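For reference, work-v4.csv (CSV, C-alpha atoms):
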```csv
chain,number,residue,atom,x,y,z
A,27,MET,CA,22.2,128.3,154.6
A,28,ASP,CA,20.5,126.0,152.1
A,29,VAL,CA,22.6,126.8,149.1
A,30,GLN,CA,26.4,126.4,149.2
A,31,PRO,CA,28.6,129.2,147.9
A,32,ASP,CA,29.8,129.2,144.3
A,33,LEU,CA,33.0,127.6,143.3
A,34,ARG,CA,35.9,129.9,142.3
A,35,PHE,CA,39.2,128.8,140.8
A,36,ALA,CA,42.7,129.9,141.4
A,37,ARG,CA,45.9,128.8,139.6
A,38,ALA,CA,49.1,127.9,141.5
A,39,GLY,CA,52.5,128.9,140.3
A,40,ASP,CA,53.0,125.5,138.7
A,41,GLY,CA,49.7,125.7,136.7
A,42,VAL,CA,47.6,123.6,139.0
A,43,THR,CA,44.0,124.9,139.3
A,44,LEU,CA,42.5,125.0,142.8
A,45,GLY,CA,38.7,125.0,143.5
A,46,TYR,CA,37.7,127.1,146.5
A,47,GLN,CA,34.7,128.8,148.1
A,48,MET,CA,34.1,131.8,150.4
A,49,VAL,CA,31.2,132.3,152.7
A,50,GLY,CA,30.3,134.7,155.5
A,51,GLN,CA,31.7,138.0,156.8
A,52,GLY,CA,34.3,139.1,159.3
A,53,PRO,CA,37.9,138.0,160.0
A,54,VAL,CA,39.1,135.5,157.5
A,55,LEU,CA,39.5,131.9,158.5
A,56,VAL,CA,40.9,129.5,156.0
A,57,TRP,CA,39.9,125.9,156.6
A,58,MET,CA,42.8,124.0,155.0
A,59,PRO,CA,42.1,120.6,153.4
A,60,SER,CA,43.2,117.0,153.8
A,61,LEU,CA,41.8,114.7,151.2
A,62,SER,CA,38.7,116.9,150.5
A,63,ASN,CA,35.7,117.4,148.3
A,64,ILE,CA,34.1,120.7,149.5
A,65,VAL,CA,31.1,120.3,147.3
A,66,ALA,CA,30.2,116.9,148.7
A,67,GLN,CA,31.1,118.0,152.3
A,68,TRP,CA,28.4,120.6,152.3
A,69,ARG,CA,25.9,117.7,152.1
A,70,ILE,CA,27.0,116.3,155.5
A,71,PRO,CA,24.8,117.8,158.1
A,72,ALA,CA,27.5,118.2,160.8
A,73,VAL,CA,30.0,119.6,158.4
A,74,ARG,CA,27.5,122.0,156.8
A,75,ASP,CA,26.5,123.2,160.3
A,76,ALA,CA,30.2,123.8,161.1
A,77,TYR,CA,30.7,125.9,157.9
A,78,THR,CA,27.6,128.0,158.5
A,79,GLY,CA,28.3,128.3,162.2
A,80,LEU,CA,31.8,129.7,161.6
A,81,ALA,CA,30.5,131.9,158.8
A,82,ARG,CA,28.3,133.8,161.2
A,83,ASN,CA,31.4,135.6,162.5
A,84,HIS,CA,34.0,135.0,159.9
A,85,THR,CA,34.7,135.0,156.2
A,86,VAL,CA,35.4,131.2,155.8
A,87,VAL,CA,37.5,130.1,152.9
A,88,LEU,CA,37.4,126.4,151.9
A,89,TYR,CA,39.5,124.8,149.2
A,90,ASP,CA,40.4,121.4,147.7
A,91,GLY,CA,44.0,120.6,147.5
A,92,ARG,CA,45.6,119.5,144.3
A,93,GLY,CA,44.3,116.2,142.9
A,94,THR,CA,41.2,116.3,145.0
A,95,GLY,CA,37.6,117.6,144.8
A,96,ALA,CA,37.0,120.5,142.4
A,97,SER,CA,40.8,121.0,141.9
A,98,ASP,CA,42.9,119.6,139.1
A,99,ARG,CA,42.9,115.8,139.2
A,100,ARG,CA,45.7,115.6,136.6
A,101,ILE,CA,48.7,116.3,138.7
A,102,ASP,CA,52.3,115.3,139.1
A,103,LEU,CA,52.0,112.5,141.7
A,104,THR,CA,55.7,113.0,142.7
A,105,ASP,CA,55.0,116.6,143.7
A,106,LEU,CA,52.8,116.3,146.8
A,107,GLY,CA,55.2,117.5,149.5
A,108,VAL,CA,54.8,120.5,151.7
A,109,GLU,CA,56.1,122.9,149.0
A,110,ALA,CA,53.2,121.9,146.7
A,111,HIS,CA,50.6,122.4,149.4
A,112,LEU,CA,52.1,125.8,150.2
A,113,ARG,CA,51.7,126.8,146.5
A,114,ASP,CA,48.0,125.8,146.7
A,115,LEU,CA,47.4,127.9,149.8
A,116,THR,CA,49.2,130.9,148.3
A,117,ALA,CA,47.3,130.7,145.1
A,118,VAL,CA,43.9,130.7,146.9
A,119,LEU,CA,44.8,133.6,149.2
A,120,ASP,CA,46.2,135.6,146.3
A,121,HIS,CA,43.2,135.0,144.0
A,122,ALA,CA,40.8,135.9,146.7
A,123,GLY,CA,42.7,139.1,147.5
A,124,ILE,CA,43.4,138.0,151.1
A,125,ARG,CA,46.5,139.5,152.5
A,126,ARG,CA,46.2,138.2,156.1
A,127,ALA,CA,44.1,135.4,157.5
A,128,SER,CA,43.8,132.9,160.4
A,129,LEU,CA,44.4,129.2,159.4
A,130,LEU,CA,42.7,126.1,160.5
A,131,GLY,CA,45.1,123.3,159.9
A,132,TYR,CA,43.2,120.0,159.9
A,133,TYR,CA,44.9,116.6,159.9
A,134,HIS,CA,47.1,116.5,156.7
A,135,SER,CA,47.2,120.3,156.5
A,136,VAL,CA,48.6,120.9,160.0
A,137,ALA,CA,52.2,120.8,158.7
A,138,THR,CA,51.4,123.1,155.8
A,139,ALA,CA,49.8,125.6,158.2
A,140,ILE,CA,52.9,125.6,160.4
A,141,ALA,CA,55.2,126.0,157.5
A,142,PHE,CA,53.2,128.9,155.9
A,143,ALA,CA,53.0,130.7,159.3
A,144,ALA,CA,56.7,130.4,159.8
A,145,ARG,CA,57.7,131.5,156.3
A,146,HIS,CA,55.0,134.2,155.8
A,147,PRO,CA,54.4,135.7,159.3
A,148,GLU,CA,52.9,138.9,157.8
A,149,ARG,CA,50.1,136.9,156.3
A,150,VAL,CA,49.0,134.8,159.3
A,151,GLU,CA,46.9,136.2,162.1
A,152,ARG,CA,46.3,133.1,164.2
A,153,LEU,CA,46.6,129.3,163.9
A,154,VAL,CA,44.2,126.6,165.0
A,155,LEU,CA,45.7,123.1,164.6
A,156,PHE,CA,43.9,119.7,165.0
A,157,GLY,CA,44.7,116.1,164.3
A,158,GLY,CA,48.1,116.4,162.6
A,159,ALA,CA,51.7,117.0,163.5
A,160,PRO,CA,54.8,118.9,162.1
A,161,ARG,CA,56.4,115.5,161.4
A,162,MET,CA,53.5,113.8,159.6
A,163,ARG,CA,54.8,110.3,160.1
A,164,GLU,CA,53.9,110.7,163.8
A,165,ALA,CA,50.3,111.5,162.9
A,166,MET,CA,50.1,108.5,160.7
A,167,ARG,CA,51.7,106.0,163.1
A,168,PRO,CA,48.7,104.7,165.0
A,169,ALA,CA,47.8,101.1,164.1
A,170,GLN,CA,44.2,102.0,163.2
A,171,THR,CA,45.5,104.6,160.7
A,172,GLN,CA,48.0,102.2,159.2
A,173,ALA,CA,45.2,99.6,158.8
A,174,LEU,CA,43.0,102.1,157.0
A,175,LEU,CA,45.9,103.2,154.7
A,176,SER,CA,46.5,99.6,153.7
A,177,LEU,CA,43.0,99.6,152.1
A,178,VAL,CA,43.7,102.6,149.8
A,179,ASP,CA,45.0,100.7,146.8
A,180,GLN,CA,43.3,97.4,147.7
A,181,ASP,CA,39.6,98.5,147.9
A,182,TRP,CA,39.0,102.3,147.6
A,183,SER,CA,35.3,102.0,148.3
A,184,LEU,CA,36.0,100.0,151.4
A,185,PHE,CA,38.6,102.5,152.5
A,186,ALA,CA,36.0,105.3,152.2
A,187,ASP,CA,33.4,103.4,154.3
A,188,ALA,CA,36.0,102.4,157.0
A,189,ALA,CA,37.5,105.9,157.2
A,190,ALA,CA,34.0,107.5,157.7
A,191,THR,CA,33.3,105.0,160.5
A,192,ALA,CA,36.7,105.3,162.2
A,193,TRP,CA,37.0,109.1,161.9
A,194,LEU,CA,33.4,110.0,162.8
A,195,GLY,CA,32.4,107.2,165.1
A,196,TRP,CA,29.5,104.8,165.2
A,197,ASP,CA,27.3,107.1,167.3
A,198,VAL,CA,26.9,109.6,164.4
A,199,THR,CA,25.9,107.1,161.7
A,200,PRO,CA,23.2,109.4,160.1
A,201,SER,CA,26.2,111.2,158.5
A,202,GLY,CA,28.2,108.1,157.8
A,203,ARG,CA,26.9,107.4,154.3
A,204,LEU,CA,27.4,111.0,153.2
A,205,THR,CA,30.8,111.1,154.8
A,206,ALA,CA,31.9,107.9,153.0
A,207,GLU,CA,30.6,109.3,149.7
A,208,ALA,CA,32.7,112.5,150.3
A,209,PHE,CA,35.8,110.4,150.8
A,210,ARG,CA,35.0,108.2,147.9
A,211,THR,CA,34.5,111.1,145.4
A,212,ALA,CA,37.3,113.3,146.8
A,213,THR,CA,39.9,111.7,144.5
A,214,THR,CA,41.2,108.4,143.0
A,215,ALA,CA,42.9,105.6,144.8
A,216,ALA,CA,46.2,106.4,142.9
A,217,VAL,CA,46.2,110.1,144.0
A,218,ALA,CA,45.2,109.2,147.6
A,219,LYS,CA,48.1,106.7,147.8
A,220,ALA,CA,50.5,109.3,146.5
A,221,TRP,CA,49.2,111.8,149.0
A,222,PHE,CA,49.7,109.5,151.9
A,223,GLU,CA,53.1,108.3,150.7
A,224,ALA,CA,54.3,111.9,150.3
A,225,ALA,CA,52.9,112.8,153.8
A,226,GLN,CA,55.1,110.2,155.4
A,227,GLU,CA,58.1,112.3,154.3
A,228,ILE,CA,56.7,115.7,155.4
A,229,ASP,CA,58.6,117.2,158.3
A,230,VAL,CA,58.4,120.9,159.2
A,231,THR,CA,59.7,120.6,162.8
A,232,GLY,CA,62.4,123.1,161.8
A,233,ASP,CA,59.6,125.7,161.2
A,234,VAL,CA,57.8,125.3,164.5
A,235,GLY,CA,60.0,127.5,166.5
A,236,ARG,CA,59.7,130.3,163.9
A,237,VAL,CA,55.9,130.6,164.1
A,238,ARG,CA,55.0,133.9,165.6
A,239,ALA,CA,51.2,133.7,165.3
A,240,PRO,CA,49.3,132.8,168.5
A,241,THR,CA,48.4,129.1,168.1
A,242,LEU,CA,45.6,127.0,169.5
A,243,VAL,CA,46.4,123.3,169.4
A,244,LEU,CA,43.3,121.1,170.0
A,245,HIS,CA,43.2,117.4,170.9
A,246,ARG,CA,40.3,115.0,171.0
A,247,GLN,CA,41.3,111.5,170.1
A,248,GLY,CA,40.3,107.9,170.9
A,249,GLU,CA,42.6,105.2,172.2
A,250,GLN,CA,43.5,104.1,168.7
A,251,GLN,CA,44.4,107.6,167.5
A,252,ILE,CA,47.3,110.0,167.9
A,253,PRO,CA,48.7,110.1,171.4
A,254,VAL,CA,48.1,113.4,173.3
A,255,GLU,CA,51.9,113.6,173.9
A,256,VAL,CA,52.4,114.5,170.2
A,257,PHE,CA,50.2,117.6,170.7
A,258,ARG,CA,51.7,118.5,174.0
A,259,ARG,CA,55.2,118.6,172.4
A,260,LEU,CA,53.9,120.7,169.6
A,261,ALA,CA,52.2,123.3,171.9
A,262,ALA,CA,55.4,123.5,174.0
A,263,ALA,CA,57.6,124.0,171.0
A,264,LEU,CA,55.5,126.9,169.6
A,265,PRO,CA,56.6,130.3,170.8
A,266,ASP,CA,52.9,131.3,171.5
A,267,GLY,CA,51.1,127.9,171.6
A,268,ARG,CA,48.4,126.6,173.9
A,269,LEU,CA,47.0,123.1,174.0
A,270,VAL,CA,43.3,122.4,174.9
A,271,GLU,CA,42.4,118.8,175.5
A,272,LEU,CA,38.8,118.5,174.5
A,273,PRO,CA,36.4,116.1,176.3
A,274,GLY,CA,35.3,113.1,174.3
A,275,SER,CA,36.9,110.5,172.1
A,276,THR,CA,35.6,111.1,168.5
A,277,PRO,CA,38.7,112.2,166.6
A,278,THR,CA,37.2,115.2,164.8
A,279,LEU,CA,35.9,118.8,165.4
A,280,PHE,CA,32.4,120.1,165.3
A,281,VAL,CA,30.7,116.7,165.7
A,282,GLU,CA,30.8,115.5,169.3
A,283,ASP,CA,30.1,118.8,170.9
A,284,PRO,CA,29.6,121.2,168.0
A,285,ALA,CA,28.4,124.2,169.9
A,286,ALA,CA,31.4,124.2,172.2
A,287,ASP,CA,33.9,123.5,169.4
A,288,LEU,CA,32.5,126.4,167.3
A,289,HIS,CA,32.6,128.8,170.3
A,290,LEU,CA,36.1,127.8,171.1
A,291,VAL,CA,37.5,128.2,167.6
A,292,SER,CA,35.5,131.3,166.8
A,293,GLN,CA,36.4,133.2,169.9
A,294,PHE,CA,40.1,132.4,169.5
A,295,VAL,CA,40.2,133.5,165.9
A,296,THR,CA,38.3,136.7,166.7
A,297,THR,CA,40.0,137.7,169.9
A,298,GLY,CA,42.9,135.4,170.6
A,299,ARG,CA,41.2,134.3,173.9
A,300,VAL,CA,40.5,130.7,174.7
A,301,ALA,CA,37.0,130.1,175.9
A,302,ARG,CA,36.5,128.0,179.1
A,303,LEU,CA,35.1,124.6,178.2
A,304,ARG,CA,31.7,123.7,179.7
A,305,PRO,CA,31.6,120.2,181.1
A,306,LEU,CA,29.4,117.6,179.5
A,307,VAL,CA,26.8,116.5,182.0
A,308,LEU,CA,25.5,112.9,182.3
A,309,THR,CA,21.7,112.5,182.1
A,310,ALA,CA,19.9,110.8,185.0
A,311,ARG,CA,19.7,107.5,183.0
A,312,GLU,CA,23.4,107.7,182.1
A,313,ARG,CA,24.3,108.2,185.8
A,314,GLU,CA,22.2,105.1,186.6
A,315,VAL,CA,23.9,103.0,183.9
A,316,LEU,CA,27.3,104.2,185.2
A,317,ARG,CA,26.4,103.3,188.8
A,318,LEU,CA,25.4,99.7,187.8
A,319,LEU,CA,28.5,99.4,185.6
A,320,ALA,CA,30.7,100.3,188.6
A,321,GLU,CA,28.9,97.7,190.7
A,322,GLY,CA,30.1,95.1,188.2
A,323,SER,CA,27.0,94.5,186.1
A,324,SER,CA,27.3,93.3,182.5
A,325,ASN,CA,25.6,95.1,179.7
A,326,ALA,CA,22.9,92.4,179.6
A,327,GLY,CA,22.5,92.7,183.4
A,328,ILE,CA,22.1,96.4,183.2
A,329,ALA,CA,19.6,96.0,180.5
A,330,ARG,CA,17.5,93.5,182.5
A,331,HIS,CA,17.7,95.7,185.6
A,332,LEU,CA,16.4,98.8,183.7
A,333,GLY,CA,14.0,96.9,181.4
A,334,ILE,CA,15.6,98.2,178.2
A,335,ALA,CA,17.4,96.7,175.2
A,336,VAL,CA,21.1,95.8,175.3
A,337,HIS,CA,21.9,98.0,172.3
A,338,THR,CA,20.4,100.9,174.2
A,339,ILE,CA,22.8,100.2,177.0
A,340,GLU,CA,25.6,100.2,174.5
A,341,ARG,CA,24.5,103.6,173.2
A,342,HIS,CA,24.3,105.0,176.8
A,343,LEU,CA,27.8,103.7,177.5
A,344,ALA,CA,29.2,105.3,174.3
A,345,ASN,CA,27.7,108.6,175.5
A,346,ILE,CA,29.1,108.1,179.0
A,347,TYR,CA,32.6,107.4,177.6
A,348,ARG,CA,32.4,110.5,175.4
A,349,LYS,CA,31.2,112.8,178.1
A,350,LEU,CA,33.7,111.6,180.7
A,351,GLY,CA,36.5,111.7,178.1
A,352,VAL,CA,37.5,108.1,178.9
A,353,ARG,CA,38.5,105.4,176.5
A,354,GLY,CA,36.4,102.4,177.7
A,355,ARG,CA,34.7,100.4,180.4
A,356,THR,CA,37.7,100.1,182.8
A,357,ALA,CA,38.4,103.8,182.7
A,358,ALA,CA,34.7,104.6,183.2
A,359,VAL,CA,34.5,102.4,186.3
A,360,ALA,CA,37.7,104.0,187.7
A,361,HIS,CA,36.1,107.4,187.2
A,362,ALA,CA,32.9,106.3,188.9
A,363,LEU,CA,34.8,104.9,191.9
A,364,ARG,CA,36.6,108.2,192.3
A,365,HIS,CA,33.4,110.3,191.6
A,366,PRO,CA,30.4,108.2,192.5
A,367,PRO,CA,27.4,109.2,190.3
A,368,ALA,CA,24.5,110.7,192.3
```
Show how you would write the structure in this file as C-alpha cells.
Amino acid sequence: MDVQPDLRFARAGDGVTLGYQMVGQGPVLVWMPSLSNIVAQWRIPAVRDAYTGLARNHTVVLYDGRGTGASDRRIDLTDLGVEAHLRDLTAVLDHAGIRRASLLGYYHSVATAIAFAARHPERVERLVLFGGAPRMREAMRPAQTQALLSLVDQDWSLFADAAATAWLGWDVTPSGRLTAEAFRTATTAAVAKAWFEAAQEIDVTGDVGRVRAPTLVLHRQGEQQIPVEVFRRLAAALPDGRLVELPGSTPTLFVEDPAADLHLVSQFVTTGRVARLRPLVLTAREREVLRLLAEGSSNAGIARHLGIAVHTIERHLANIYRKLGVRGRTAAVAHALRHPPA
C-alpha cells in the first residue's frame, strides 16, 4: 500500500478530538498508542510493513492518543491517567461503529487495554500485550528508560534521537531517522513530560484478574529493558493468559523478525491459537564467527582471521546475539560451549 488511509476524527466524552485511521478487512484489531504520530509512522518502512501486513487479514484501527499526533494538542495536562485513555479508546470505537474488537496494547497502552477488557468484556475479543505492565511504574523502572526520560524536558530533539536508537536498535539504522522524526513530531516536550509523569501513577493490577478475553503476552527485551519476570507475573495473573518469549533482543515488534511476529499476532487474533515459533538460523559465516569467539578470539583477531573489517564482525555479532536470544558476548560463548557451532 503506497497511500496511507484517510484520517478520521472522533470526539471523546470530555470534548477531546482523536485522530484515527482504518485499513484492511476482517476481524478488527485496534493498535493502541503510546506517544504516537500515525501519519509520520506510515513513513517508517518497518512500521508501514507491519500495518499493511496486519491489514491483509484484519481491519486495523490506528489512533493517536490525546495530546499527540493528529489528535488534540490542547489538553488538560493533569488529566492523562487511565480514565482519560479509556475515554479515547471508547470514542474511537464508537465513532467507527465497532462493537467488538481485539486490542494490541503496546508499551504505554498495555494498562489501558487491560482496564478496558476488564470493564467492558462484551467489547473485547482478544488481547495482545507487549512492552508494558499493569503497574506502569514497573515498565518505566529500567535504568535506560529513566535516562531517556530525563532528556524529555532538557532536550526534546535529543530525546527523540536517543529513543529511536534505544527502542529500535543500531542494526536497523535505515529507519532510525524517520523513527526519530516520528517521536519528535508526535507531541511537545511539555505534553510528553506530563504523559510520562501520569504513567508513573497508572496501576490497573486490580483489573487483571477480571479480564476474560484470551490474552497473548509477548516479550522481547534487551538487557537494559523490562525484566521478563514482569511479563511472567502478568501472564500468570490473567485468567486466560499465555506468555511467549520471542527470540532476539530488540525491544519492539515487527522489526527483528517481522514475518514471524506478524504470523504470531495475526493467527492469535484470528483463531486464538498461538503459532509455533520458527528458530532463527545462523548463517555459515555467523557460525564461523561464533566458533572463533568461543575459542577466545577478540573482534580484531576474528577480523584478521577471516580477512574482513572489524565493523563487519561487530555486525555479525549483533546478528548472532539476536538470533540466539542472548544479551552479549559472555552469553553467546556460553551458548556455543553448550551447543558447538557446526
Hey, can you pull every residue with an atom no more than 6 Å from (42.9, 119.7, 152.6), using only C-alpha atoms, and send it as an mmCIF file with C-alpha atoms, in the coordinates of the input?
```
data_model
loop_
_atom_site.group_PDB
_atom_site.id
_atom_site.type_symbol
_atom_site.label_atom_id
_atom_site.label_comp_id
_atom_site.auth_asym_id
_atom_site.auth_seq_id
_atom_site.Cartn_x
_atom_site.Cartn_y
_atom_site.Cartn_z
ATOM 1 C CA MET A 58 42.800 124.000 155.000
ATOM 2 C CA PRO A 59 42.100 120.600 153.400
ATOM 3 C CA SER A 60 43.200 117.000 153.800
ATOM 4 C CA LEU A 61 41.800 114.700 151.200
ATOM 5 C CA SER A 62 38.700 116.900 150.500
ATOM 6 C CA ASP A 90 40.400 121.400 147.700
ATOM 7 C CA GLY A 91 44.000 120.600 147.500
ATOM 8 C CA SER A 135 47.200 120.300 156.500
#
```
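Closest approach to A:Ile339 among A:Ala358, A:Leu318, A:Ala190, A:Ile252 is made by A:Leu318 (distances from only C-alpha atoms).
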Calculated over only C-alpha atoms, which of the candidates A:Val65, A:Val29, A:Val86, A:Val336 has the smallest distance to A:Gln51? A:Val86
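The space separating atom CA of A:Phe185 from atom CA of A:Thr276 comes to 18.4 Å.
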Please list as a VMD selection string every residue within 12 Å of A:Arg69, counting all atoms listed in the file and excluding residues in the same chain fewer than 2 positions away. chain A and resid 27 to 30 63 to 67 71 to 77 200 to 208
Pick the closest to A:Ala263 from A:Val234, A:Ala286, A:Ala139, A:Leu44: which is it, counting all atoms listed in the file?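 Among the listed residues, the smallest separation from A:Ala263 belongs to A:Val234.
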Nearby residues (all atoms listed in the file) at most 7 Å from A:Val136, same-chain spacing under 4 positions excluded, as a PyMOL selection string: chain A and resi 131-132+140+155-156+158-160
Applying 10 Å and all atoms listed in the file, which residues near A:Asp40 remain after dropping the ones on its own chain fewer than 5 positions away? List them as a PyMOL selection string. chain A and resi 110+113-114
Keeping only C-alpha atoms, write the selected residues as a PDB file, in the coordinates of the input.
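Final file, out_36.pdb:
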```
ATOM      1  CA  ALA A 110      53.200 121.900 146.700  1.00  0.00           C
ATOM      2  CA  ARG A 113      51.700 126.800 146.500  1.00  0.00           C
ATOM      3  CA  ASP A 114      48.000 125.800 146.700  1.00  0.00           C
TER       4      ASP A 114
END
```
One-decimal distance in Å that lies between atom CA of A:Arg236 and atom CA of A:Ala144: 5.1 Å
d(atom CA of A:Tyr46, atom CA of A:His134) in Å: 17.5 Å
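Counting only C-alpha atoms and comparing A:Pro31, A:Pro53, A:Gly333, A:Pro367, the residue that lies closest to A:Thr297 is A:Pro53.
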Using all atoms listed in the file, the residue out of A:Leu264, A:Leu308, A:Ala189, A:Ala239 with shortest distance to A:Phe142 is A:Ala239
In terms of the shortest atom-to-atom distance over only C-alpha atoms, which of A:Val108, A:Ile70, A:Val154, A:Val230 is closest to A:Val281? A:Ile70
Hey, can you pull every residue with an atom no more than 6 Å from (40.6, 113.8, 146.4), using all atoms listed in the file, and send it as JSON, numbers by chain? {"A": [61, 62, 93, 94, 95, 212, 213]}
Is it possible to add N, CA and C atoms to stretch 135-155 of chain A and hand it back as a short mmCIF file (atom, residue, chain, number, x, y, z; two decimals), keeping the file's coordinate frame?
```
data_model
loop_
_atom_site.label_atom_id
_atom_site.label_comp_id
_atom_site.auth_asym_id
_atom_site.auth_seq_id
_atom_site.Cartn_x
_atom_site.Cartn_y
_atom_site.Cartn_z
N SER A 135 46.80 118.94 156.74
CA SER A 135 47.20 120.30 156.50
C SER A 135 47.85 121.01 157.68
N VAL A 136 47.97 120.33 158.82
CA VAL A 136 48.60 120.90 160.00
C VAL A 136 50.06 121.34 159.65
N ALA A 137 50.80 120.47 159.02
CA ALA A 137 52.20 120.80 158.70
C ALA A 137 52.28 121.96 157.73
N THR A 138 51.38 122.02 156.76
CA THR A 138 51.40 123.10 155.80
C THR A 138 51.07 124.45 156.51
N ALA A 139 50.11 124.43 157.44
CA ALA A 139 49.80 125.60 158.20
C ALA A 139 50.96 126.15 158.98
N ILE A 140 51.67 125.23 159.63
CA ILE A 140 52.90 125.60 160.40
C ILE A 140 53.92 126.22 159.50
N ALA A 141 54.19 125.56 158.38
CA ALA A 141 55.20 126.00 157.50
C ALA A 141 54.87 127.41 156.90
N PHE A 142 53.60 127.61 156.52
CA PHE A 142 53.20 128.90 155.90
C PHE A 142 53.32 130.01 156.98
N ALA A 143 52.89 129.73 158.22
CA ALA A 143 53.00 130.70 159.30
C ALA A 143 54.40 131.12 159.58
N ALA A 144 55.30 130.15 159.54
CA ALA A 144 56.70 130.40 159.80
C ALA A 144 57.37 131.21 158.70
N ARG A 145 57.01 130.89 157.46
CA ARG A 145 57.70 131.50 156.30
C ARG A 145 57.04 132.79 155.84
N HIS A 146 55.76 133.00 156.21
CA HIS A 146 55.00 134.20 155.80
C HIS A 146 54.30 134.79 157.01
N PRO A 147 55.02 135.20 158.04
CA PRO A 147 54.40 135.70 159.30
C PRO A 147 53.47 136.87 159.04
N GLU A 148 53.75 137.67 158.02
CA GLU A 148 52.90 138.90 157.80
C GLU A 148 51.55 138.52 157.23
N ARG A 149 51.35 137.25 156.84
CA ARG A 149 50.10 136.90 156.30
C ARG A 149 49.19 136.04 157.19
N VAL A 150 49.70 135.74 158.39
CA VAL A 150 49.00 134.80 159.30
C VAL A 150 48.63 135.55 160.60
N GLU A 151 47.36 135.62 160.91
CA GLU A 151 46.90 136.20 162.10
C GLU A 151 46.99 135.26 163.31
N ARG A 152 46.32 134.11 163.17
CA ARG A 152 46.30 133.10 164.20
C ARG A 152 46.25 131.71 163.56
N LEU A 153 46.64 130.68 164.33
CA LEU A 153 46.60 129.30 163.90
C LEU A 153 45.70 128.48 164.82
N VAL A 154 44.88 127.60 164.24
CA VAL A 154 44.20 126.60 165.00
C VAL A 154 44.61 125.24 164.35
N LEU A 155 45.14 124.32 165.15
CA LEU A 155 45.70 123.10 164.60
C LEU A 155 44.98 121.88 165.28
#
```
